[in-house]
>>> print(open('model.txt').read())   # compact mmCIF, C-alpha atoms
# COMPACT_ATOMS: atom_id res chain seq x y z
CA MET A 246 4.30 6.02 -26.88
CA LYS A 247 3.69 5.52 -30.61
CA LYS A 248 4.32 1.81 -30.20
CA ILE A 249 1.75 1.55 -27.38
CA LEU A 250 -0.74 3.50 -29.49
CA HIS A 251 -0.13 1.18 -32.44
CA VAL A 252 -0.55 -1.99 -30.34
CA LEU A 253 -3.77 -0.68 -28.76
CA SER A 254 -5.14 0.25 -32.18
CA LYS A 255 -4.43 -3.22 -33.57
CA LYS A 256 -5.79 -5.05 -30.51
CA GLY A 257 -8.74 -2.69 -30.06
CA GLN A 258 -11.53 -5.15 -30.74
CA TYR A 259 -14.73 -5.63 -28.80
CA LYS A 260 -14.10 -9.36 -28.36
CA ILE A 261 -10.83 -8.54 -26.56
CA ALA A 262 -11.97 -5.39 -24.73
CA PHE A 263 -15.23 -6.72 -23.25
CA PRO A 264 -13.80 -9.69 -21.29
CA ILE A 265 -11.10 -7.43 -19.83
CA ILE A 266 -13.66 -4.79 -18.89
CA ILE A 267 -15.92 -7.44 -17.34
CA LEU A 268 -12.99 -8.67 -15.23
CA GLY A 269 -12.45 -5.03 -14.20
CA PHE A 270 -16.13 -4.77 -13.20
CA VAL A 271 -15.80 -7.94 -11.11
CA LEU A 272 -12.78 -6.48 -9.30
CA GLN A 273 -14.60 -3.18 -8.82
CA ALA A 274 -17.60 -5.04 -7.36
CA ILE A 275 -15.26 -6.84 -4.95
CA LEU A 276 -13.79 -3.50 -3.89
CA ILE A 277 -17.21 -1.94 -3.39
CA LEU A 278 -19.04 -4.89 -1.83
CA LYS A 279 -16.29 -6.55 0.21
CA TYR A 280 -13.60 -4.00 0.98
CA LEU A 281 -15.39 -0.65 1.17
CA PRO A 282 -17.85 -1.57 3.96
CA GLU A 283 -15.02 -2.94 6.10
CA PHE A 284 -12.90 0.13 5.33
CA LEU A 285 -15.78 2.38 6.43
CA SER A 286 -16.11 0.30 9.58
CA TYR A 287 -12.45 0.88 10.45
CA SER A 288 -12.68 4.58 9.50
CA ASN A 289 -15.91 5.23 11.44
CA GLY A 290 -17.55 6.43 8.22
CA VAL A 291 -14.72 8.68 7.00
CA LYS A 292 -14.61 8.25 3.22
CA ASN A 293 -11.81 6.56 1.34
CA PRO A 294 -9.60 9.22 -0.35
CA ASP A 295 -10.21 7.30 -3.58
CA GLN A 296 -13.83 8.54 -3.45
CA LEU A 297 -12.91 12.23 -3.24
CA PHE A 298 -11.78 14.74 -5.85
CA SER A 299 -9.14 16.11 -3.48
CA TYR A 300 -8.27 16.17 0.20
CA ASN A 301 -6.01 18.00 2.63
CA PHE A 302 -3.62 17.22 5.46
CA GLU A 303 -6.26 17.43 8.19
CA TYR A 304 -8.59 15.03 6.39
CA LEU A 305 -5.90 12.42 5.75
CA SER A 306 -4.45 12.67 9.25
CA ASN A 307 -7.93 12.22 10.69
CA LEU A 308 -8.59 9.26 8.40
CA TYR A 309 -5.35 7.48 9.30
CA GLN A 310 -6.00 8.12 12.98
CA GLN A 311 -9.54 6.73 12.69
CA LEU A 312 -8.29 3.66 10.82
CA GLY A 313 -5.73 2.83 13.46
CA GLU A 314 -2.92 0.41 12.76
CA GLU A 315 -5.23 -2.51 11.95
CA GLY A 316 -7.35 -0.37 9.62
CA ARG A 317 -4.30 0.98 7.82
CA ALA A 318 -3.08 -2.60 7.29
CA PHE A 319 -6.51 -3.46 5.87
CA TYR A 320 -6.41 -0.36 3.64
CA SER A 321 -3.02 -1.51 2.31
CA GLU A 322 -4.58 -4.85 1.38
CA MET A 323 -7.48 -3.04 -0.27
CA LEU A 324 -5.04 -0.94 -2.29
CA GLY A 325 -3.45 -4.17 -3.56
CA VAL A 326 -6.79 -5.18 -5.09
CA ASP A 327 -7.20 -1.62 -6.39
CA PHE A 328 -3.83 -1.88 -8.19
CA LEU A 329 -5.09 -4.95 -10.02
CA TYR A 330 -8.47 -3.35 -10.79
CA THR A 331 -6.82 -0.16 -12.04
CA THR A 332 -4.41 -1.96 -14.35
CA ILE A 333 -7.00 -4.27 -15.87
CA SER A 334 -9.62 -1.55 -16.29
CA GLY A 335 -7.13 0.88 -17.82
CA ILE A 336 -6.13 -1.66 -20.45
CA GLY A 337 -9.75 -2.66 -21.07
CA TYR A 338 -10.92 0.90 -21.57
CA CYS A 339 -7.99 1.68 -23.90
CA LEU A 340 -8.96 -1.33 -26.01
CA LEU A 341 -12.64 -0.37 -25.95
CA LEU A 342 -11.85 3.19 -27.00
CA ALA A 343 -9.59 1.86 -29.78
CA ALA A 344 -12.42 -0.42 -30.98
CA LEU A 345 -14.89 2.46 -30.92
CA VAL A 346 -12.59 4.96 -32.65
CA LYS A 347 -11.32 2.42 -35.22
CA LYS A 348 -8.30 4.62 -35.93
CA GLU A 349 -4.89 5.19 -34.41
CA LYS A 350 -5.66 8.37 -32.44
CA TRP A 351 -3.66 9.74 -29.50
CA TYR A 352 -6.64 9.93 -27.14
CA ILE A 353 -7.18 6.16 -27.02
CA ILE A 354 -4.32 6.03 -24.49
CA LEU A 355 -6.07 8.40 -22.04
CA PRO A 356 -7.43 5.46 -19.98
CA LEU A 357 -3.82 4.30 -19.62
CA PHE A 358 -2.86 7.70 -18.17
CA LEU A 359 -5.90 7.42 -15.92
CA ALA A 360 -4.64 4.04 -14.69
CA ILE A 361 -1.14 5.44 -14.15
CA SER A 362 -2.46 8.35 -12.08
CA ASP A 363 -4.53 5.87 -10.03
CA VAL A 364 -1.44 3.71 -9.45
CA PHE A 365 0.48 6.80 -8.28
CA GLU A 366 -2.44 7.69 -6.02
CA ASN A 367 -2.28 4.20 -4.46
CA ILE A 368 1.50 4.33 -4.07
CA SER A 369 1.13 7.74 -2.41
CA GLN A 370 -1.38 6.33 0.07
CA LEU A 371 0.88 3.40 0.89
CA LEU A 372 3.87 5.70 1.41
CA LEU A 373 1.88 8.16 3.54
CA MET A 374 0.50 5.36 5.70
CA SER A 375 3.99 3.99 6.24
CA LEU A 376 5.18 7.45 7.34
CA PHE A 377 2.15 8.26 9.49
CA PRO A 378 2.04 10.21 11.81
CA LYS A 379 5.12 11.94 10.36
CA ILE A 380 3.52 13.15 7.13
CA SER A 381 3.72 16.66 5.73
CA THR A 382 1.19 18.89 4.04
CA SER A 383 3.25 18.89 0.83
CA GLU A 384 3.28 15.07 0.72
CA VAL A 385 -0.49 15.01 1.17
CA SER A 386 -0.89 17.71 -1.50
CA ILE A 387 1.08 15.61 -3.99
CA ALA A 388 -1.09 12.56 -3.23
CA SER A 389 -4.21 14.70 -3.65
CA ILE A 390 -2.98 15.91 -7.06
CA PHE A 391 -2.81 12.29 -8.24
CA THR A 392 -6.37 11.79 -7.01
CA SER A 393 -7.61 14.95 -8.77
CA THR A 394 -5.82 13.94 -11.96
CA LYS A 395 -7.43 10.50 -11.79
CA MET A 396 -10.90 11.98 -11.29
CA THR A 397 -10.46 14.49 -14.13
CA LEU A 398 -9.21 11.82 -16.54
CA SER A 399 -12.09 9.56 -15.48
CA ILE A 400 -14.60 12.18 -16.55
CA ILE A 401 -12.80 12.80 -19.84
CA CYS A 402 -12.58 9.05 -20.59
CA VAL A 403 -16.27 8.44 -19.81
CA VAL A 404 -17.29 11.36 -22.04
CA LEU A 405 -15.05 10.11 -24.87
CA ILE A 406 -16.37 6.56 -24.64
CA LEU A 407 -20.00 7.75 -24.53
CA PHE A 408 -19.38 10.10 -27.47
CA PHE A 409 -17.96 7.32 -29.62
CA ILE A 410 -20.70 4.87 -28.61
CA VAL A 411 -23.34 7.40 -29.68
CA LYS A 412 -21.42 8.21 -32.87
CA ASN A 413 -21.11 4.51 -33.77
CA VAL A 414 -24.80 3.89 -33.08
CA PHE A 415 -25.77 6.81 -35.34
CA ASN A 416 -23.41 5.57 -38.07
CA TRP A 417 -24.87 2.07 -37.78
CA ILE A 418 -28.44 3.43 -38.04
CA LYS A 419 -27.46 5.59 -41.03
CA THR A 420 -25.72 2.69 -42.77
CA ARG A 421 -28.67 0.41 -42.11
CA SER A 422 -31.21 2.95 -43.44
CA ASP A 423 -29.02 3.57 -46.53
CA TYR A 424 -28.82 -0.19 -47.10
CA GLU A 425 -32.60 -0.59 -46.84
CA LYS A 426 -33.21 2.10 -49.48
>>> encode(input="model.txt", output="structure tokens")
Amino acid sequence: MKKILHVLSKKGQYKIAFPIIILGFVLQAILILKYLPEFLSYSNGVKNPDQLFSYNFEYLSNLYQQLGEEGRAFYSEMLGVDFLYTTISGIGYCLLLAALVKKEKWYIILPLFLAISDVFENISQLLLMSLFPKISTSEVSIASIFTSTKMTLSIICVVLILFFIVKNVFNWIKTRSDYEK
């Protein structure tokens, strides 16, 4: 873990982070604009579990039933794009946080843990769809925990990034006003 932290700290530069984050935004736009409407068409408006903080057995069983076999195959394809988005965005946000923090601090790897929980969420969905209709409440609960973890880490990461953006802007203003004096 220390090695990953060290690499992120060294590579944490805006010129590296921004192109990766932009690629992540492009993939997210593809997911939202191309895949999500078709998913909602298959699901008859039942939300993607990725959009929820948590879910239960009844919800997921209903969703998989609404999707049908063709919709579940489409959802699997959508999750493939989500794997790519998650990985790229996780790396991009780690690098951005490292650039903002400018120090080797443990919390710059939180977006990586966010990405890992999202990957486990996607793997859980793929496994549950392959087992459907023979899924259990405990299997769904485990998948939901990955989703809740992802959502919680998302909030923490956004707050951290916003905090350091504001802190850096204030430091820049202070430095600039000190320089002008």
>>> residues_around(input="model.txt", residues="Gln273 in chain A", least_positions_apart="5", cutoff="9 Å", atoms="only C-alpha atoms", output="list in words")
Leu268, Leu278, Val326, Asp327, Tyr330 and Thr331 of chain A
>>> closest_residue(input="model.txt", among="A:Phe415, A:Tyr320, A:Phe298, A:Tyr304", to="Thr397 in chain A", atoms="all atoms listed in the file")
A:Phe298
>>> closest_residue(input="model.txt", among="A:Leu281, A:Met246, A:Cys339, A:Leu373", to="Ser389 in chain A", atoms="all atoms listed in the file")
A:Leu373
>>> atom_distance(input="model.txt", atom1="CA of Leu342 in chain A", atom2="CA of Lys419 in chain A")
21.1 Å
>>> residues_around(input="model.txt", residues="range 399-413 of chain A", least_positions_apart="5", cutoff="8 Å", atoms="all atoms listed in the file", output="MDAnalysis selection string")
chainID A and resid 341:342 345:346 355:356 359
>>> write_last_selection(input="model.txt", atoms="C-alpha atoms", output="mmCIF file, in the coordinates of the input")
data_model
loop_
_atom_site.group_PDB
_atom_site.id
_atom_site.type_symbol
_atom_site.label_atom_id
_atom_site.label_comp_id
_atom_site.auth_asym_id
_atom_site.auth_seq_id
_atom_site.Cartn_x
_atom_site.Cartn_y
_atom_site.Cartn_z
ATOM 1 C CA LEU A 341 -12.640 -0.370 -25.950
ATOM 2 C CA LEU A 342 -11.850 3.190 -27.000
ATOM 3 C CA LEU A 345 -14.890 2.460 -30.920
ATOM 4 C CA VAL A 346 -12.590 4.960 -32.650
ATOM 5 C CA LEU A 355 -6.070 8.400 -22.040
ATOM 6 C CA PRO A 356 -7.430 5.460 -19.980
ATOM 7 C CA LEU A 359 -5.900 7.420 -15.920
#
>>> closest_residue(input="model.txt", among="A:Gln258, A:Asn307, A:Ser288, A:Ser299", to="Pro378 in chain A", atoms="only C-alpha atoms")
A:Asn307
>>> atom_distance(input="model.txt", atom1="CA of Lys348 in chain A", atom2="CA of Pro264 in chain A")
21.2 Å
>>> residues_around(input="model.txt", residues="Gln370 in chain A", least_positions_apart="5", cutoff="9 Å", atoms="only C-alpha atoms", output="list in words")
Pro294, Ser321, Leu324, Phe365, Ser375, Val385 and Ala388 of chain A
>>> closest_residue(input="model.txt", among="A:Lys347, A:Arg317, A:Lys292, A:Lys279", to="Gly257 in chain A", atoms="all atoms listed in the file")
A:Lys347
>>> axis_aligned_box(input="model.txt", around="range 276-284 of chain A", padding_each_side="8 Å", output="AutoDock Vina command-line options")
--center_x -16.0 --center_y -3.2 --center_z 1.1 --size_x 22.1 --size_y 22.7 --size_z 26.0
>>> atom_distance(input="model.txt", atom1="CA of Ser306 in chain A", atom2="CA of Val364 in chain A")
21.0 Å
>>> closest_residue(input="model.txt", among="A:Phe358, A:Ser393, A:Met374, A:Glu349", to="Lys247 in chain A", atoms="all atoms listed in the file")
A:Glu349
>>> residues_around(input="model.txt", residues="Leu329 in chain A", least_positions_apart="2", cutoff="12 Å", atoms="all atoms listed in the file", output="JSON, numbers by chain")
{"A": [265, 268, 269, 270, 271, 272, 273, 275, 276, 322, 323, 324, 325, 326, 327, 331, 332, 333, 334, 335, 336, 360, 361, 363, 364, 367]}
>>> closest_residue(input="model.txt", among="A:Leu308, A:Ala274, A:Ile418, A:Ile368", to="Gly290 in chain A", atoms="all atoms listed in the file")
A:Leu308
>>> decode(input="model.txt", residues="range 357-382 of chain A", atoms="N, CA, C and O atoms", output="JSON list (two decimals), in the first residue's frame")
[["chain", "number", "residue", "atom", "x", "y", "z"],
["A", 357, "LEU", "N", -9.24, 5.07, -4.90],
["A", 357, "LEU", "CA", -8.91, 3.71, -5.34],
["A", 357, "LEU", "C", -9.79, 2.69, -4.63],
["A", 357, "LEU", "O", -10.30, 1.76, -5.25],
["A", 358, "PHE", "N", -10.02, 2.88, -3.33],
["A", 358, "PHE", "CA", -10.93, 2.00, -2.59],
["A", 358, "PHE", "C", -12.36, 2.15, -3.09],
["A", 358, "PHE", "O", -13.11, 1.17, -3.14],
["A", 359, "LEU", "N", -12.72, 3.36, -3.47],
["A", 359, "LEU", "CA", -14.02, 3.60, -4.09],
["A", 359, "LEU", "C", -14.15, 2.78, -5.38],
["A", 359, "LEU", "O", -15.16, 2.10, -5.60],
["A", 360, "ALA", "N", -13.12, 2.83, -6.20],
["A", 360, "ALA", "CA", -13.14, 2.07, -7.46],
["A", 360, "ALA", "C", -13.21, 0.56, -7.19],
["A", 360, "ALA", "O", -13.96, -0.16, -7.86],
["A", 361, "ILE", "N", -12.48, 0.10, -6.20],
["A", 361, "ILE", "CA", -12.49, -1.33, -5.87],
["A", 361, "ILE", "C", -13.88, -1.76, -5.39],
["A", 361, "ILE", "O", -14.38, -2.81, -5.80],
["A", 362, "SER", "N", -14.52, -0.94, -4.57],
["A", 362, "SER", "CA", -15.87, -1.31, -4.11],
["A", 362, "SER", "C", -16.85, -1.30, -5.28],
["A", 362, "SER", "O", -17.75, -2.14, -5.33],
["A", 363, "ASP", "N", -16.66, -0.39, -6.24],
["A", 363, "ASP", "CA", -17.52, -0.35, -7.42],
["A", 363, "ASP", "C", -17.29, -1.59, -8.29],
["A", 363, "ASP", "O", -18.23, -2.18, -8.83],
["A", 364, "VAL", "N", -16.04, -2.01, -8.42],
["A", 364, "VAL", "CA", -15.73, -3.23, -9.18],
["A", 364, "VAL", "C", -16.40, -4.44, -8.52],
["A", 364, "VAL", "O", -17.02, -5.27, -9.19],
["A", 365, "PHE", "N", -16.31, -4.53, -7.18],
["A", 365, "PHE", "CA", -16.96, -5.63, -6.48],
["A", 365, "PHE", "C", -18.48, -5.57, -6.62],
["A", 365, "PHE", "O", -19.15, -6.60, -6.72],
["A", 366, "GLU", "N", -19.02, -4.36, -6.65],
["A", 366, "GLU", "CA", -20.46, -4.20, -6.88],
["A", 366, "GLU", "C", -20.83, -4.77, -8.25],
["A", 366, "GLU", "O", -21.80, -5.51, -8.39],
["A", 367, "ASN", "N", -20.04, -4.43, -9.27],
["A", 367, "ASN", "CA", -20.30, -4.92, -10.63],
["A", 367, "ASN", "C", -20.16, -6.44, -10.72],
["A", 367, "ASN", "O", -20.98, -7.11, -11.36],
["A", 368, "ILE", "N", -19.13, -6.96, -10.11],
["A", 368, "ILE", "CA", -18.92, -8.41, -10.11],
["A", 368, "ILE", "C", -20.11, -9.10, -9.43],
["A", 368, "ILE", "O", -20.62, -10.12, -9.90],
["A", 369, "SER", "N", -20.57, -8.51, -8.32],
["A", 369, "SER", "CA", -21.73, -9.07, -7.61],
["A", 369, "SER", "C", -22.95, -9.11, -8.51],
["A", 369, "SER", "O", -23.68, -10.11, -8.54],
["A", 370, "GLN", "N", -23.19, -8.02, -9.24],
["A", 370, "GLN", "CA", -24.33, -7.98, -10.15],
["A", 370, "GLN", "C", -24.22, -9.05, -11.23],
["A", 370, "GLN", "O", -25.20, -9.73, -11.55],
["A", 371, "LEU", "N", -23.03, -9.20, -11.78],
["A", 371, "LEU", "CA", -22.83, -10.21, -12.83],
["A", 371, "LEU", "C", -23.08, -11.62, -12.27],
["A", 371, "LEU", "O", -23.72, -12.45, -12.92],
["A", 372, "LEU", "N", -22.55, -11.88, -11.08],
["A", 372, "LEU", "CA", -22.75, -13.20, -10.46],
["A", 372, "LEU", "C", -24.22, -13.44, -10.14],
["A", 372, "LEU", "O", -24.75, -14.52, -10.42],
["A", 373, "LEU", "N", -24.88, -12.44, -9.58],
["A", 373, "LEU", "CA", -26.30, -12.60, -9.24],
["A", 373, "LEU", "C", -27.15, -12.81, -10.48],
["A", 373, "LEU", "O", -28.07, -13.65, -10.47],
["A", 374, "MET", "N", -26.84, -12.08, -11.56],
["A", 374, "MET", "CA", -27.61, -12.28, -12.79],
["A", 374, "MET", "C", -27.39, -13.68, -13.36],
["A", 374, "MET", "O", -28.32, -14.29, -13.90],
["A", 375, "SER", "N", -26.17, -14.19, -13.22],
["A", 375, "SER", "CA", -25.90, -15.54, -13.75],
["A", 375, "SER", "C", -26.61, -16.62, -12.93],
["A", 375, "SER", "O", -26.92, -17.68, -13.44],
["A", 376, "LEU", "N", -26.87, -16.33, -11.66],
["A", 376, "LEU", "CA", -27.56, -17.28, -10.78],
["A", 376, "LEU", "C", -29.08, -17.12, -10.80],
["A", 376, "LEU", "O", -29.79, -18.01, -10.35],
["A", 377, "PHE", "N", -29.55, -15.99, -11.27],
["A", 377, "PHE", "CA", -30.98, -15.70, -11.23],
["A", 377, "PHE", "C", -31.77, -16.76, -11.99],
["A", 377, "PHE", "O", -31.37, -17.17, -13.06],
["A", 378, "PRO", "N", -32.85, -17.26, -11.42],
["A", 378, "PRO", "CA", -33.63, -16.82, -10.27],
["A", 378, "PRO", "C", -33.21, -17.44, -8.94],
["A", 378, "PRO", "O", -33.86, -17.22, -7.93],
["A", 379, "LYS", "N", -32.14, -18.20, -8.95],
["A", 379, "LYS", "CA", -31.72, -18.89, -7.72],
["A", 379, "LYS", "C", -30.72, -18.04, -6.94],
["A", 379, "LYS", "O", -29.57, -18.44, -6.73],
["A", 380, "ILE", "N", -31.17, -16.87, -6.50],
["A", 380, "ILE", "CA", -30.33, -16.00, -5.68],
["A", 380, "ILE", "C", -30.90, -15.97, -4.27],
["A", 380, "ILE", "O", -32.09, -16.19, -4.07],
["A", 381, "SER", "N", -30.02, -15.70, -3.30],
["A", 381, "SER", "CA", -30.46, -15.69, -1.91],
["A", 381, "SER", "C", -30.42, -14.26, -1.35],
["A", 381, "SER", "O", -29.75, -13.38, -1.89],
["A", 382, "THR", "N", -31.11, -14.09, -0.26],
["A", 382, "THR", "CA", -31.12, -12.77, 0.39],
["A", 382, "THR", "C", -29.73, -12.39, 0.88],
["A", 382, "THR", "O", -29.35, -11.22, 0.81]]
